[in-house]
$ cat input-v8.tsv   # TSV, C-alpha atoms
chain	number	residue	atom	x	y	z
A	1	MET	CA	-19.96	-7.45	-17.44
A	2	SER	CA	-19.48	-5.11	-14.47
A	3	ASN	CA	-17.78	-5.52	-11.10
A	4	ILE	CA	-19.36	-4.76	-7.73
A	5	VAL	CA	-17.26	-4.87	-4.55
A	6	VAL	CA	-19.19	-6.34	-1.61
A	7	PRO	CA	-17.91	-5.75	1.96
A	8	ILE	CA	-18.03	-8.83	4.22
A	9	LYS	CA	-17.20	-8.59	7.94
A	10	ILE	CA	-15.45	-11.67	9.32
A	11	GLN	CA	-16.57	-12.77	12.80
A	12	THR	CA	-13.20	-13.89	14.15
A	13	ASP	CA	-12.25	-15.50	17.44
A	14	ARG	CA	-8.87	-14.77	19.04
A	15	LYS	CA	-7.00	-17.51	17.18
A	16	THR	CA	-8.42	-16.57	13.78
A	17	THR	CA	-7.67	-12.90	14.46
A	18	ASP	CA	-4.05	-13.75	15.28
A	19	ASP	CA	-3.73	-16.04	12.24
A	20	LEU	CA	-5.15	-13.48	9.82
A	21	GLY	CA	-2.93	-10.77	11.29
A	22	ALA	CA	0.14	-13.00	10.86
A	23	THR	CA	-0.93	-13.73	7.29
A	24	LEU	CA	-1.23	-10.05	6.35
A	25	ARG	CA	2.14	-9.30	7.92
A	26	ALA	CA	3.89	-12.16	6.12
A	27	CYS	CA	2.30	-11.41	2.74
A	28	ASN	CA	3.17	-7.72	2.92
A	29	ALA	CA	6.70	-8.42	4.13
A	30	ALA	CA	7.05	-10.67	1.08
A	31	ALA	CA	5.50	-7.94	-1.11
A	32	ASN	CA	8.09	-5.43	0.06
A	33	TYR	CA	10.89	-7.92	-0.67
A	34	MET	CA	9.46	-8.53	-4.16
A	35	SER	CA	9.07	-4.80	-4.73
A	36	THR	CA	12.71	-4.17	-3.86
A	37	LEU	CA	13.94	-6.79	-6.32
A	38	ALA	CA	11.53	-5.61	-9.00
A	39	TRP	CA	12.68	-2.03	-8.53
A	40	GLU	CA	16.38	-2.89	-8.58
A	41	SER	CA	16.04	-5.06	-11.69
A	42	ARG	CA	13.45	-2.77	-13.35
A	43	GLU	CA	11.31	-5.84	-13.88
A	44	PHE	CA	7.61	-5.00	-13.42
A	45	SER	CA	5.69	-7.76	-15.22
A	46	LYS	CA	4.03	-10.59	-13.29
A	47	PHE	CA	6.05	-13.18	-15.21
A	48	GLY	CA	9.30	-11.33	-14.62
A	49	ILE	CA	8.73	-10.87	-10.89
A	50	HIS	CA	7.62	-14.50	-10.61
A	51	ARG	CA	10.87	-15.63	-12.20
A	52	LEU	CA	12.89	-13.45	-9.81
A	53	VAL	CA	11.28	-14.31	-6.49
A	54	TYR	CA	8.90	-17.29	-6.49
A	55	ALA	CA	11.10	-20.03	-5.05
A	56	LYS	CA	12.87	-17.82	-2.51
A	57	VAL	CA	9.67	-16.22	-1.23
A	58	LYS	CA	8.02	-19.59	-0.60
A	59	GLU	CA	11.08	-20.72	1.31
A	60	GLU	CA	11.91	-17.59	3.34
A	61	PHE	CA	8.43	-16.19	4.06
A	62	GLY	CA	6.51	-19.43	4.47
A	63	LEU	CA	3.79	-18.52	1.99
A	64	GLY	CA	1.77	-21.17	0.21
A	65	ALA	CA	1.98	-21.44	-3.56
A	66	GLN	CA	-1.26	-19.56	-4.23
A	67	ALA	CA	-0.51	-16.84	-1.65
A	68	THR	CA	2.85	-16.30	-3.33
A	69	VAL	CA	1.22	-16.03	-6.76
A	70	ARG	CA	-1.39	-13.55	-5.52
A	71	THR	CA	1.29	-11.45	-3.79
A	72	ILE	CA	3.34	-11.33	-6.99
A	73	ALA	CA	0.23	-10.12	-8.81
A	74	LYS	CA	-0.33	-7.44	-6.15
A	75	VAL	CA	3.21	-6.09	-6.57
A	76	ALA	CA	3.01	-6.13	-10.37
A	77	ASP	CA	-0.35	-4.35	-10.29
A	78	ALA	CA	1.10	-1.66	-8.01
A	79	TYR	CA	3.66	-0.82	-10.69
A	80	ASN	CA	1.45	-1.29	-13.75
A	81	SER	CA	-1.96	0.15	-12.87
A	82	GLY	CA	-2.78	3.82	-13.38
A	83	ASP	CA	-0.12	6.17	-14.73
A	84	GLN	CA	2.86	3.88	-15.30
A	85	LYS	CA	5.31	6.76	-15.63
A	86	PHE	CA	4.32	7.99	-12.17
A	87	ARG	CA	4.15	4.50	-10.68
A	88	ARG	CA	7.68	3.71	-11.76
A	89	THR	CA	9.34	6.86	-10.44
A	90	ARG	CA	9.53	5.42	-6.91
A	91	LYS	CA	9.67	2.04	-5.25
A	92	ARG	CA	6.32	0.76	-4.06
A	93	ARG	CA	5.97	0.01	-0.34
A	94	PHE	CA	3.32	-2.02	1.48
A	95	SER	CA	2.28	-1.51	5.10
A	96	TRP	CA	1.71	-4.57	7.28
A	97	GLY	CA	-2.07	-4.20	6.81
A	98	SER	CA	-2.18	-3.60	3.06
A	99	ALA	CA	-5.04	-5.52	1.43
A	100	GLN	CA	-4.10	-9.04	0.33
A	101	PRO	CA	-5.81	-10.67	-2.68
A	102	PHE	CA	-7.34	-14.15	-2.41
A	103	ASP	CA	-9.05	-16.32	-5.01
A	104	ALA	CA	-11.07	-19.54	-5.11
A	105	ARG	CA	-8.00	-21.67	-4.36
A	106	ASN	CA	-7.36	-20.14	-0.94
A	107	LEU	CA	-10.80	-18.71	-0.06
A	108	SER	CA	-14.09	-20.61	-0.27
A	109	TRP	CA	-17.65	-19.87	0.82
A	110	ASN	CA	-20.56	-21.67	2.44
A	111	LEU	CA	-23.27	-19.15	1.67
A	112	GLU	CA	-26.11	-21.13	3.20
A	113	ASP	CA	-24.37	-21.15	6.59
A	114	THR	CA	-22.78	-17.68	6.03
A	115	THR	CA	-19.32	-19.02	6.76
A	116	LEU	CA	-16.08	-19.02	4.83
A	117	SER	CA	-12.83	-20.96	4.76
A	118	ILE	CA	-9.60	-19.02	4.28
A	119	TRP	CA	-5.91	-19.90	4.06
A	120	THR	CA	-3.68	-18.50	6.80
A	121	MET	CA	-0.02	-18.86	7.72
A	122	ASN	CA	-1.04	-21.26	10.50
A	123	GLY	CA	-3.34	-23.49	8.50
A	124	ARG	CA	-6.74	-23.04	6.93
A	125	ALA	CA	-9.36	-21.32	9.09
A	126	LYS	CA	-12.58	-23.23	8.47
A	127	ALA	CA	-16.27	-22.40	9.00
A	128	VAL	CA	-15.51	-18.80	9.98
A	129	PRO	CA	-18.80	-16.85	10.37
A	130	PHE	CA	-19.29	-13.64	8.39
A	131	LEU	CA	-21.80	-10.80	8.30
A	132	CYS	CA	-23.07	-8.81	5.33
A	133	ALA	CA	-26.18	-7.01	4.14
A	134	ASP	CA	-29.03	-9.06	2.67
A	135	TRP	CA	-28.50	-7.53	-0.78
A	136	ALA	CA	-24.81	-8.47	-0.62
A	137	LEU	CA	-25.61	-12.08	0.30
A	138	GLU	CA	-28.00	-12.31	-2.65
A	139	LEU	CA	-25.25	-11.13	-4.99
A	140	LEU	CA	-22.83	-13.67	-3.53
A	141	LYS	CA	-25.37	-16.45	-4.05
A	142	HIS	CA	-26.39	-15.64	-7.62
A	143	ASP	CA	-23.37	-14.05	-9.31
A	144	PRO	CA	-19.79	-15.26	-9.89
A	145	ILE	CA	-17.30	-14.28	-7.16
A	146	ALA	CA	-14.00	-13.09	-8.61
A	147	GLU	CA	-10.87	-12.08	-6.70
A	148	SER	CA	-11.41	-10.94	-3.11
A	149	ASP	CA	-9.23	-8.88	-0.77
A	150	LEU	CA	-8.52	-9.49	2.92
A	151	VAL	CA	-8.68	-6.09	4.62
A	152	PHE	CA	-8.01	-4.96	8.21
A	153	ARG	CA	-9.95	-1.84	9.20
A	154	LYS	CA	-10.72	-0.31	12.60
A	155	GLY	CA	-9.83	-3.43	14.52
A	156	SER	CA	-11.79	-5.89	12.36
A	157	PHE	CA	-11.09	-8.10	9.37
A	158	TYR	CA	-13.16	-7.83	6.21
A	159	ILE	CA	-13.34	-9.57	2.86
A	160	HIS	CA	-13.97	-7.21	-0.04
A	161	ALA	CA	-15.43	-9.64	-2.55
A	162	THR	CA	-15.56	-8.67	-6.22
A	163	ILE	CA	-18.78	-9.83	-7.88
A	164	ASP	CA	-19.12	-10.17	-11.66
A	165	VAL	CA	-22.55	-8.81	-12.58
A	166	GLU	CA	-24.13	-8.92	-16.02
A	167	ASP	CA	-24.79	-5.46	-17.42
A	168	GLU	CA	-28.45	-4.62	-17.87
A	169	THR	CA	-29.73	-3.93	-21.37
A	170	MET	CA	-29.67	-0.22	-22.11
A	171	ASN	CA	-33.08	1.44	-22.24
A	172	GLU	CA	-33.21	3.13	-25.63
A	173	SER	CA	-36.39	5.07	-24.75
A	174	PRO	CA	-36.04	6.06	-21.11
A	175	LYS	CA	-38.93	7.72	-19.26
A	176	GLY	CA	-39.32	9.15	-15.81
A	177	PHE	CA	-35.70	10.26	-15.33
A	178	LEU	CA	-34.33	13.67	-14.38
A	179	GLY	CA	-30.95	15.11	-15.26
A	180	VAL	CA	-29.21	17.50	-12.85
A	181	ASP	CA	-26.42	19.93	-13.73
A	182	MET	CA	-24.63	21.29	-10.65
A	183	GLY	CA	-23.27	24.83	-10.75
A	184	ILE	CA	-22.40	27.94	-8.73
A	185	VAL	CA	-24.61	30.77	-9.98
A	186	ASN	CA	-27.41	28.22	-10.26
A	187	ILE	CA	-26.82	25.53	-7.66
A	188	ALA	CA	-28.82	23.04	-9.77
A	189	THR	CA	-30.40	23.10	-13.22
A	190	LEU	CA	-32.82	20.30	-14.07
A	191	SER	CA	-33.36	18.73	-17.44
A	192	ASP	CA	-37.04	19.76	-17.30
A	193	GLY	CA	-36.01	23.44	-17.34
A	194	LYS	CA	-36.21	24.26	-13.63
A	195	ASN	CA	-33.23	25.91	-11.97
A	196	PHE	CA	-32.35	26.76	-8.40
A	197	SER	CA	-30.36	29.86	-7.61
A	198	GLY	CA	-27.20	29.53	-5.54
A	199	LYS	CA	-27.43	33.14	-4.28
A	200	HIS	CA	-28.69	32.34	-0.78
A	201	LEU	CA	-26.34	29.38	-0.37
A	202	ASN	CA	-23.35	31.47	-1.38
A	203	GLN	CA	-24.39	34.19	1.09
A	204	VAL	CA	-24.41	31.61	3.91
A	205	ARG	CA	-21.06	30.21	2.80
A	206	ASN	CA	-19.48	33.67	2.67
A	207	ARG	CA	-20.88	34.59	6.11
A	208	ASN	CA	-19.48	31.40	7.63
A	209	LEU	CA	-16.14	32.02	5.94
A	210	ARG	CA	-15.93	35.50	7.48
A	211	LEU	CA	-16.79	34.08	10.90
A	212	ARG	CA	-14.10	31.38	10.64
A	213	ARG	CA	-11.57	34.10	9.86
A	214	THR	CA	-12.55	36.53	12.63
A	215	LEU	CA	-13.57	34.28	15.55
A	216	PRO	CA	-10.06	32.84	16.23
A	217	LYS	CA	-8.78	36.39	16.73
A	218	LYS	CA	-11.24	37.00	19.60
A	219	GLY	CA	-10.09	33.98	21.59
A	220	THR	CA	-13.08	34.04	23.98
A	221	ARG	CA	-14.86	30.89	25.15
A	222	SER	CA	-18.07	31.86	23.37
A	223	ALA	CA	-16.12	32.59	20.17
A	224	LYS	CA	-14.51	29.12	20.36
A	225	ARG	CA	-17.93	27.49	20.82
A	226	LEU	CA	-19.37	29.38	17.86
A	227	LEU	CA	-16.31	28.47	15.74
A	228	ALA	CA	-16.77	24.77	16.59
A	229	LYS	CA	-20.44	25.02	15.64
A	230	ARG	CA	-19.65	26.73	12.33
A	231	SER	CA	-17.00	24.13	11.45
$ encode --input "input-v8.tsv" --output "structure tokens"
Amino acid sequence: MSNIVVPIKIQTDRKTTDDLGATLRACNAAANYMSTLAWESREFSKFGIHRLVYAKVKEEFGLGAQATVRTIAKVADAYNSGDQKFRRTRKRRFSWGSAQPFDARNLSWNLEDTTLSIWTMNGRAKAVPFLCADWALELLKHDPIAESDLVFRKGSFYIHATIDVEDETMNESPKGFLGVDMGIVNIATLSDGKNFSGKHLNQVRNRNLRLRRTLPKKGTRSAKRLLAKRS
């Protein structure tokens, strides 16, 4: 089983935009509170953080039960994923727009109408239109949807949906493929024996490097234009 992340753009009106923004702010404020307590107590497991903060976070930050659970998981993952020794040398912080995980309990889909329903701080936003590529919609329709993240990017809200896709059977006798080895002396060497020299490319790179070093010293208008072009 493999995971594919599918980007979904939410078509929000003003109220939904405000509600989703408030939701991200509240969830990440709660995440920072959880992170502080986890750091001070050196408790980094989901169960341990849950025991420390669950009741108080629901009361003080106004999060629903499932939003609280998903935020706890986000904080625990921040300390436990990757190199744990590095992760635990400093307290983890979350910006107001850090991605917030959702699951089937607080995010549902109507794929025929290309709408979704999502929990917010101000009630559930229902029948919210979304846009995605045709291939992405086909994946959403035919493969299981796992955890999804609410993301704010360049003024718009997105859902990054994780799709569980069955791995294809490995072809034990592949035909019609070509392997490529990238290099410097030879810019590419193919598995069929052909190679492509990097001599000319390196000459162009070196010439541009010399120009980028010398043009700023001239300071003329034409030198600045040429430097911008070479950049």
$ closest_residue --input "input-v8.tsv" --among "A:Ala99, A:Asp167, A:Thr12, A:Asp143" --to "Thr115 in chain A" --atoms "only C-alpha atoms"
A:Thr12
$ residues_around --input "input-v8.tsv" --residues "Val151 in chain A" --least-positions-apart "2" --cutoff "10 Å" --atoms "all atoms listed in the file" --output "list in words"
Pro7, Ile8, Lys9, Ile10, Leu20, Gly21, Leu24, Gly97, Ser98, Ala99, Gln100, Pro101, Ser148, Asp149, Arg153, Ser156, Phe157, Tyr158, Ile159 and His160 of chain A
$ residues_around --input "input-v8.tsv" --residues "Phe196 in chain A" --least-positions-apart "2" --cutoff "7 Å" --atoms "all atoms listed in the file" --output "PyMOL selection string"
chain A and resi 186-189+194+198
$ residues_around --input "input-v8.tsv" --residues "Trp119 in chain A" --least-positions-apart "6" --cutoff "9 Å" --atoms "all atoms listed in the file" --output "list in words"
Leu20, Thr23, Gly64, Ala67, Phe102, Arg105, Asn106, Leu107, Ala125 and Lys126 of chain A
$ residues_around --input "input-v8.tsv" --residues "range 69-82 of chain A" --least-positions-apart "6" --cutoff "12 Å" --atoms "only C-alpha atoms" --output "count of residues only"
55
$ atom_distance --input "input-v8.tsv" --atom1 "CA of Glu168 in chain A" --atom2 "CA of Leu140 in chain A"
17.9 Å
$ closest_residue --input "input-v8.tsv" --among "A:Ala127, A:Val204, A:Cys132, A:Ile163" --to "Pro144 in chain A" --atoms "only C-alpha atoms"
A:Ile163
$ decode --input "input-v8.tsv" --residues "range 59-145 of chain A" --atoms "C-alpha atoms" --output "mmCIF file, in the first residue's frame"
data_model
loop_
_atom_site.group_PDB
_atom_site.id
_atom_site.type_symbol
_atom_site.label_atom_id
_atom_site.label_comp_id
_atom_site.auth_asym_id
_atom_site.auth_seq_id
_atom_site.Cartn_x
_atom_site.Cartn_y
_atom_site.Cartn_z
ATOM 1 C CA GLU A 59 -12.418 23.853 27.715
ATOM 2 C CA GLU A 60 -10.016 26.759 27.084
ATOM 3 C CA PHE A 61 -9.615 26.632 23.295
ATOM 4 C CA GLY A 62 -13.122 25.564 22.318
ATOM 5 C CA LEU A 63 -12.003 22.647 20.171
ATOM 6 C CA GLY A 64 -14.264 19.707 19.500
ATOM 7 C CA ALA A 65 -13.248 16.272 20.725
ATOM 8 C CA GLN A 66 -11.907 15.075 17.368
ATOM 9 C CA ALA A 67 -10.087 18.350 16.643
ATOM 10 C CA THR A 68 -8.397 18.053 20.032
ATOM 11 C CA VAL A 69 -7.346 14.459 19.309
ATOM 12 C CA ARG A 70 -5.953 15.364 15.882
ATOM 13 C CA THR A 71 -4.052 18.347 17.336
ATOM 14 C CA ILE A 72 -2.512 16.125 20.014
ATOM 15 C CA ALA A 73 -1.392 13.760 17.255
ATOM 16 C CA LYS A 74 0.117 16.677 15.314
ATOM 17 C CA VAL A 75 2.178 17.792 18.312
ATOM 18 C CA ALA A 76 3.335 14.249 19.105
ATOM 19 C CA ASP A 77 4.320 13.680 15.470
ATOM 20 C CA ALA A 78 6.351 16.907 15.486
ATOM 21 C CA TYR A 79 8.487 15.506 18.303
ATOM 22 C CA ASN A 80 8.621 11.886 17.159
ATOM 23 C CA SER A 81 9.010 11.939 13.372
ATOM 24 C CA GLY A 82 12.426 12.128 11.719
ATOM 25 C CA ASP A 83 15.551 12.356 13.863
ATOM 26 C CA GLN A 84 14.183 12.228 17.403
ATOM 27 C CA LYS A 85 17.428 13.450 18.951
ATOM 28 C CA PHE A 86 17.250 16.594 16.815
ATOM 29 C CA ARG A 87 13.500 17.011 17.256
ATOM 30 C CA ARG A 88 13.797 16.983 21.021
ATOM 31 C CA THR A 89 16.607 19.522 21.344
ATOM 32 C CA ARG A 90 14.169 22.439 21.027
ATOM 33 C CA LYS A 91 10.521 23.139 21.688
ATOM 34 C CA ARG A 92 8.303 22.814 18.636
ATOM 35 C CA ARG A 93 6.337 25.901 17.587
ATOM 36 C CA PHE A 94 3.364 26.190 15.242
ATOM 37 C CA SER A 95 2.463 29.278 13.220
ATOM 38 C CA TRP A 96 -1.190 30.308 12.992
ATOM 39 C CA GLY A 97 -1.421 28.746 9.511
ATOM 40 C CA SER A 98 0.330 25.439 10.187
ATOM 41 C CA ALA A 99 -1.472 22.536 8.491
ATOM 42 C CA GLN A 100 -4.189 20.955 10.626
ATOM 43 C CA PRO A 101 -5.058 17.243 10.263
ATOM 44 C CA PHE A 102 -8.660 16.111 9.757
ATOM 45 C CA ASP A 103 -10.159 12.645 9.439
ATOM 46 C CA ALA A 104 -13.490 11.085 8.502
ATOM 47 C CA ARG A 105 -15.114 12.230 11.750
ATOM 48 C CA ASN A 106 -14.682 15.938 11.043
ATOM 49 C CA LEU A 107 -14.308 15.983 7.241
ATOM 50 C CA SER A 108 -16.635 14.241 4.780
ATOM 51 C CA TRP A 109 -16.982 14.260 1.002
ATOM 52 C CA ASN A 110 -19.729 14.342 -1.601
ATOM 53 C CA LEU A 111 -17.670 13.394 -4.624
ATOM 54 C CA GLU A 112 -20.550 13.360 -7.084
ATOM 55 C CA ASP A 113 -21.331 17.012 -6.329
ATOM 56 C CA THR A 114 -17.626 17.890 -5.688
ATOM 57 C CA THR A 115 -18.444 19.346 -2.291
ATOM 58 C CA LEU A 116 -17.197 18.643 1.203
ATOM 59 C CA SER A 117 -18.348 19.145 4.772
ATOM 60 C CA ILE A 118 -15.772 20.252 7.339
ATOM 61 C CA TRP A 119 -15.812 21.027 11.057
ATOM 62 C CA THR A 120 -14.973 24.609 12.038
ATOM 63 C CA MET A 121 -14.900 26.548 15.291
ATOM 64 C CA ASN A 122 -18.228 28.145 14.321
ATOM 65 C CA GLY A 123 -20.084 25.009 13.317
ATOM 66 C CA ARG A 124 -19.810 22.588 10.444
ATOM 67 C CA ALA A 125 -19.421 24.137 6.983
ATOM 68 C CA LYS A 126 -21.605 22.038 4.695
ATOM 69 C CA ALA A 127 -21.718 21.531 0.918
ATOM 70 C CA VAL A 128 -18.552 23.582 0.357
ATOM 71 C CA PRO A 129 -17.507 23.347 -3.332
ATOM 72 C CA PHE A 130 -13.984 22.197 -4.185
ATOM 73 C CA LEU A 131 -11.804 22.015 -7.284
ATOM 74 C CA CYS A 132 -9.243 19.392 -8.262
ATOM 75 C CA ALA A 133 -7.786 17.751 -11.345
ATOM 76 C CA ASP A 134 -9.755 14.969 -13.038
ATOM 77 C CA TRP A 135 -7.117 12.378 -12.099
ATOM 78 C CA ALA A 136 -7.331 13.491 -8.466
ATOM 79 C CA LEU A 137 -11.122 13.164 -8.425
ATOM 80 C CA GLU A 138 -10.843 9.639 -9.830
ATOM 81 C CA LEU A 139 -8.464 8.696 -7.021
ATOM 82 C CA LEU A 140 -10.823 10.176 -4.433
ATOM 83 C CA LYS A 141 -13.719 8.169 -5.873
ATOM 84 C CA HIS A 142 -12.002 4.797 -6.141
ATOM 85 C CA ASP A 143 -9.404 4.630 -3.363
ATOM 86 C CA PRO A 144 -9.646 4.968 0.434
ATOM 87 C CA ILE A 145 -9.143 8.511 1.777
#
